[in-house]
>>> print(open('data_2.csv').read())   # CSV, C-alpha atoms
chain,number,residue,atom,x,y,z
A,1,MET,CA,110.5,115.6,95.1
A,2,LYS,CA,110.8,113.8,91.8
A,3,ARG,CA,109.5,115.7,88.8
A,4,PHE,CA,106.6,114.3,86.8
A,5,GLY,CA,107.6,112.8,83.5
A,6,ASP,CA,104.0,112.7,82.2
A,7,PRO,CA,102.1,115.9,82.1
A,8,LYS,CA,98.8,114.0,82.3
A,9,VAL,CA,99.8,112.6,85.7
A,10,ALA,CA,100.9,116.1,86.8
A,11,ALA,CA,97.5,117.4,85.8
A,12,VAL,CA,95.6,114.8,87.9
A,13,PHE,CA,97.7,115.7,91.0
A,14,LYS,CA,97.1,119.4,90.4
A,15,ALA,CA,93.3,118.8,90.3
A,16,TYR,CA,93.2,117.3,93.7
A,17,ALA,CA,92.2,119.4,96.7
A,18,PRO,CA,95.3,120.8,98.4
A,19,ASP,CA,95.0,118.6,101.5
A,20,VAL,CA,94.5,115.4,99.5
A,21,ARG,CA,97.2,116.4,97.0
A,22,ALA,CA,99.8,116.7,99.8
A,23,ARG,CA,98.9,113.3,101.2
A,24,LEU,CA,99.0,111.6,97.7
A,25,MET,CA,102.3,113.3,96.9
A,26,ALA,CA,103.7,111.8,100.1
A,27,LEU,CA,102.5,108.4,99.0
A,28,ARG,CA,104.0,108.9,95.5
A,29,GLU,CA,107.4,109.8,97.1
A,30,THR,CA,107.2,106.7,99.3
A,31,VAL,CA,106.5,104.5,96.3
A,32,LEU,CA,109.3,106.0,94.3
A,33,ASP,CA,111.7,105.8,97.3
A,34,VAL,CA,110.9,102.1,98.0
A,35,ALA,CA,111.3,101.2,94.3
A,36,ALA,CA,114.7,102.9,94.2
A,37,ALA,CA,115.8,101.1,97.4
A,38,THR,CA,114.6,97.6,96.4
A,39,PRO,CA,116.8,95.3,94.4
A,40,GLY,CA,115.3,94.0,91.2
A,41,VAL,CA,112.6,96.6,90.9
A,42,GLY,CA,114.3,99.0,88.6
A,43,PRO,CA,112.8,102.4,87.4
A,44,LEU,CA,109.0,102.8,87.7
A,45,THR,CA,106.8,103.9,84.9
A,46,GLU,CA,104.4,106.6,86.2
A,47,THR,CA,101.2,106.8,84.2
A,48,LEU,CA,97.4,106.9,84.5
A,49,LYS,CA,95.3,103.8,84.8
A,50,TRP,CA,91.5,104.3,85.2
A,51,GLY,CA,92.4,108.0,85.6
A,52,GLN,CA,94.5,107.3,88.7
A,53,PRO,CA,98.2,107.9,89.2
A,54,SER,CA,99.8,104.4,88.7
A,55,TYR,CA,103.2,103.0,89.2
A,56,LEU,CA,104.4,100.0,87.1
A,57,THR,CA,107.5,97.9,87.1
A,58,GLN,CA,107.3,98.0,83.3
A,59,GLU,CA,111.0,97.6,82.6
A,60,THR,CA,111.7,94.7,84.9
A,61,GLY,CA,108.2,93.1,85.4
A,62,SER,CA,109.2,92.6,89.0
A,63,GLY,CA,105.8,93.6,90.6
A,64,THR,CA,102.2,94.5,90.2
A,65,THR,CA,100.8,97.9,89.5
A,66,ILE,CA,100.2,100.3,92.5
A,67,ARG,CA,97.6,103.0,92.0
A,68,ILE,CA,96.9,105.9,94.4
A,69,ASP,CA,93.8,108.1,94.5
A,70,ARG,CA,91.4,109.9,96.7
A,71,VAL,CA,88.5,107.8,98.1
A,72,LYS,CA,85.3,109.0,96.4
A,73,GLY,CA,82.6,109.9,98.9
A,74,GLU,CA,85.1,110.2,101.8
A,75,LYS,CA,86.2,113.8,102.4
A,76,GLY,CA,89.9,113.8,102.6
A,77,GLY,CA,90.2,110.0,102.4
A,78,PHE,CA,92.8,108.5,100.1
A,79,ALA,CA,94.0,105.0,99.2
A,80,MET,CA,96.6,102.8,97.7
A,81,TYR,CA,95.2,100.2,95.3
A,82,PHE,CA,96.6,96.8,94.2
A,83,HIS,CA,95.4,94.2,91.7
A,84,CYS,CA,92.6,92.4,93.5
A,85,ARG,CA,93.7,88.9,92.2
A,86,SER,CA,97.2,89.3,93.4
A,87,GLY,CA,96.4,88.3,97.0
A,88,LEU,CA,98.5,91.2,98.3
A,89,VAL,CA,95.9,92.9,100.3
A,90,GLY,CA,95.1,89.6,102.1
A,91,GLN,CA,98.8,89.3,102.8
A,92,PHE,CA,98.9,92.8,104.2
A,93,ARG,CA,95.9,92.2,106.3
A,94,GLU,CA,97.6,89.1,107.8
A,95,LEU,CA,100.8,91.0,108.4
A,96,TYR,CA,99.2,94.2,109.7
A,97,PRO,CA,95.7,93.5,110.9
A,98,ASP,CA,95.4,96.5,113.1
A,99,THR,CA,97.7,98.9,111.3
A,100,PHE,CA,95.7,99.8,108.2
A,101,ALA,CA,92.1,100.0,107.1
A,102,TYR,CA,91.4,97.8,104.1
A,103,ASP,CA,88.9,97.9,101.2
A,104,GLY,CA,88.2,94.3,100.3
A,105,LYS,CA,91.0,92.7,98.3
A,106,ARG,CA,92.1,95.8,96.5
A,107,ALA,CA,93.2,98.7,98.8
A,108,ILE,CA,94.7,100.1,101.9
A,109,LYS,CA,92.6,103.1,102.9
A,110,PHE,CA,93.7,106.2,104.9
A,111,GLY,CA,91.7,108.8,106.7
A,112,PRO,CA,92.4,112.5,106.2
A,113,ASP,CA,94.2,113.0,109.5
A,114,GLU,CA,95.7,109.6,109.8
A,115,ARG,CA,99.4,109.3,110.6
A,116,LEU,CA,100.9,106.9,108.2
A,117,SER,CA,102.7,103.8,109.6
A,118,LEU,CA,105.7,104.3,107.2
A,119,ARG,CA,107.7,101.2,108.1
A,120,GLU,CA,104.8,98.9,107.5
A,121,LEU,CA,103.6,100.8,104.5
A,122,ARG,CA,107.1,100.7,102.9
A,123,HIS,CA,107.1,96.9,103.5
A,124,CYS,CA,103.7,96.5,101.8
A,125,ILE,CA,104.9,98.6,98.8
A,126,GLY,CA,108.0,96.5,98.6
A,127,LEU,CA,106.0,93.3,98.5
A,128,ALA,CA,103.8,94.7,95.7
A,129,LEU,CA,106.8,95.9,93.7
A,130,THR,CA,108.5,92.5,93.9
A,131,HIS,CA,105.3,90.4,93.7
A,132,HIS,CA,106.2,88.7,90.4
A,133,LEU,CA,109.8,88.0,91.5
A,134,ARG,CA,108.5,86.0,94.5
A,135,ALA,CA,105.9,84.2,92.3
A,136,LYS,CA,108.6,82.7,90.0
>>> encode(input="data_2.csv", output="structure tokens")
Amino acid sequence: MKRFGDPKVAAVFKAYAPDVRARLMALRETVLDVAAATPGVGPLTETLKWGQPSYLTQETGSGTTIRIDRVKGEKGGFAMYFHCRSGLVGQFRELYPDTFAYDGKRAIKFGPDERLSLRELRHCIGLALTHHLRAK
């Protein structure tokens, strides 16, 4: 597990209920792993945006921000959020219509006991982290 570089991000993770924290830590690790394995992405900046752990391709500008957080009002639910104007969630929905639950144009949602489809999720993360490279 990669250590937190920003104590504010660490504090947000620490404040989550243990079950949600574990699931969000797994999402965090997946985002960091995909970034490290994807050419052109470079190191991610981990910070808070709107109080949510966020992952930016600040150094290379290769992709759009990915945010992760619990889903308010859904006990144990959590999600991965993308910029709503990027079109990414629509693309994910076309690629994986029955694999994930979606929240409009902005998120992939997960239930508390849901088994993550890692191959497909890694693909979606990779598309987000290289979004600007493909747009050029």
>>> atom_distance(input="data_2.csv", atom1="atom CA of A:Phe4", atom2="atom CA of A:Glu46")
8.0 Å
>>> residues_around(input="data_2.csv", residues="A:Val71", least_positions_apart="5", cutoff="10 Å", atoms="only C-alpha atoms", output="VMD selection string")
chain A and resid 20 76 to 80 109 to 111
>>> residues_around(input="data_2.csv", residues="stretch 90-93 of chain A", least_positions_apart="4", cutoff="12 Å", atoms="only C-alpha atoms", output="list of chain:residue names")
A:Phe82, A:His83, A:Cys84, A:Arg85, A:Ser86, A:Pro97, A:Asp98, A:Thr99, A:Phe100, A:Ala101, A:Tyr102, A:Asp103, A:Gly104, A:Lys105, A:Arg106, A:Ala107, A:Ile108, A:Lys109, A:Glu120, A:Leu121, A:Arg122, A:His123, A:Cys124, A:Ile125, A:Gly126, A:Leu127, A:Ala128, A:His131
>>> atom_distance(input="data_2.csv", atom1="atom CA of A:Trp50", atom2="atom CA of A:Leu118")
26.2 Å
>>> atom_distance(input="data_2.csv", atom1="atom CA of A:Ser117", atom2="atom CA of A:Ala36")
19.5 Å
>>> residues_near_point(input="data_2.csv", point="(99.5, 109.6, 95.1)", cutoff="10 Å", atoms="only C-alpha atoms", output="number ranges by chain")
A: 9, 12-13, 20-31, 52-55, 66-70, 78-80
>>> closest_residue(input="data_2.csv", among="A:Tyr16, A:Pro39, A:Leu129, A:Gly5", to="A:Lys72", atoms="all atoms listed in the file")
A:Tyr16
>>> closest_residue(input="data_2.csv", among="A:Lys14, A:Arg3, A:His132, A:Lys49", to="A:Gly87", atoms="all atoms listed in the file")
A:His132
>>> closest_residue(input="data_2.csv", among="A:Met1, A:Leu48, A:Ala10, A:Ala37", to="A:Thr130", atoms="all atoms listed in the file")
A:Ala37
>>> closest_residue(input="data_2.csv", among="A:Pro112, A:Gly61, A:Gly40, A:Gly51", to="A:Lys75", atoms="only C-alpha atoms")
A:Pro112
>>> closest_residue(input="data_2.csv", among="A:Ser62, A:Leu32, A:Arg119, A:Asp113", to="A:Tyr96", atoms="only C-alpha atoms")
A:Arg119
>>> closest_residue(input="data_2.csv", among="A:Asp33, A:Thr47, A:Val41, A:Leu95", to="A:Asp6", atoms="all atoms listed in the file")
A:Thr47
>>> build_atoms(input="data_2.csv", residues="stretch 16-29 of chain A", atoms="N, CA, C and O atoms", output="CSV table (one decimal), keeping the file's coordinate frame")
chain,number,residue,atom,x,y,z
A,16,TYR,N,93.6,117.7,92.4
A,16,TYR,CA,93.2,117.3,93.7
A,16,TYR,C,93.1,118.5,94.7
A,16,TYR,O,93.8,119.5,94.5
A,17,ALA,N,92.2,118.4,95.6
A,17,ALA,CA,92.2,119.4,96.7
A,17,ALA,C,93.5,119.5,97.4
A,17,ALA,O,94.2,118.4,97.5
A,18,PRO,N,94.0,120.6,97.8
A,18,PRO,CA,95.3,120.8,98.4
A,18,PRO,C,95.7,119.8,99.5
A,18,PRO,O,96.8,119.2,99.5
A,19,ASP,N,94.7,119.5,100.4
A,19,ASP,CA,95.0,118.6,101.5
A,19,ASP,C,95.2,117.1,101.0
A,19,ASP,O,96.2,116.5,101.4
A,20,VAL,N,94.4,116.7,100.1
A,20,VAL,CA,94.5,115.4,99.5
A,20,VAL,C,95.8,115.3,98.6
A,20,VAL,O,96.5,114.3,98.6
A,21,ARG,N,96.0,116.4,97.8
A,21,ARG,CA,97.2,116.4,97.0
A,21,ARG,C,98.5,116.2,97.8
A,21,ARG,O,99.4,115.4,97.4
A,22,ALA,N,98.6,116.8,98.9
A,22,ALA,CA,99.8,116.7,99.8
A,22,ALA,C,99.9,115.3,100.3
A,22,ALA,O,101.1,114.7,100.3
A,23,ARG,N,98.8,114.6,100.7
A,23,ARG,CA,98.9,113.3,101.2
A,23,ARG,C,99.3,112.3,100.0
A,23,ARG,O,100.1,111.4,100.2
A,24,LEU,N,98.7,112.5,98.9
A,24,LEU,CA,99.0,111.6,97.7
A,24,LEU,C,100.4,111.9,97.2
A,24,LEU,O,101.1,110.9,96.8
A,25,MET,N,100.9,113.1,97.3
A,25,MET,CA,102.3,113.3,96.9
A,25,MET,C,103.2,112.6,97.8
A,25,MET,O,104.3,112.1,97.4
A,26,ALA,N,102.9,112.6,99.1
A,26,ALA,CA,103.7,111.8,100.1
A,26,ALA,C,103.7,110.3,99.8
A,26,ALA,O,104.7,109.6,99.8
A,27,LEU,N,102.5,109.8,99.4
A,27,LEU,CA,102.5,108.4,99.0
A,27,LEU,C,103.3,108.1,97.7
A,27,LEU,O,104.0,107.2,97.6
A,28,ARG,N,103.2,109.0,96.8
A,28,ARG,CA,104.0,108.9,95.5
A,28,ARG,C,105.5,108.9,95.9
A,28,ARG,O,106.2,108.0,95.3
A,29,GLU,N,105.9,109.8,96.7
A,29,GLU,CA,107.4,109.8,97.1
A,29,GLU,C,107.8,108.5,97.8
A,29,GLU,O,108.9,108.0,97.5
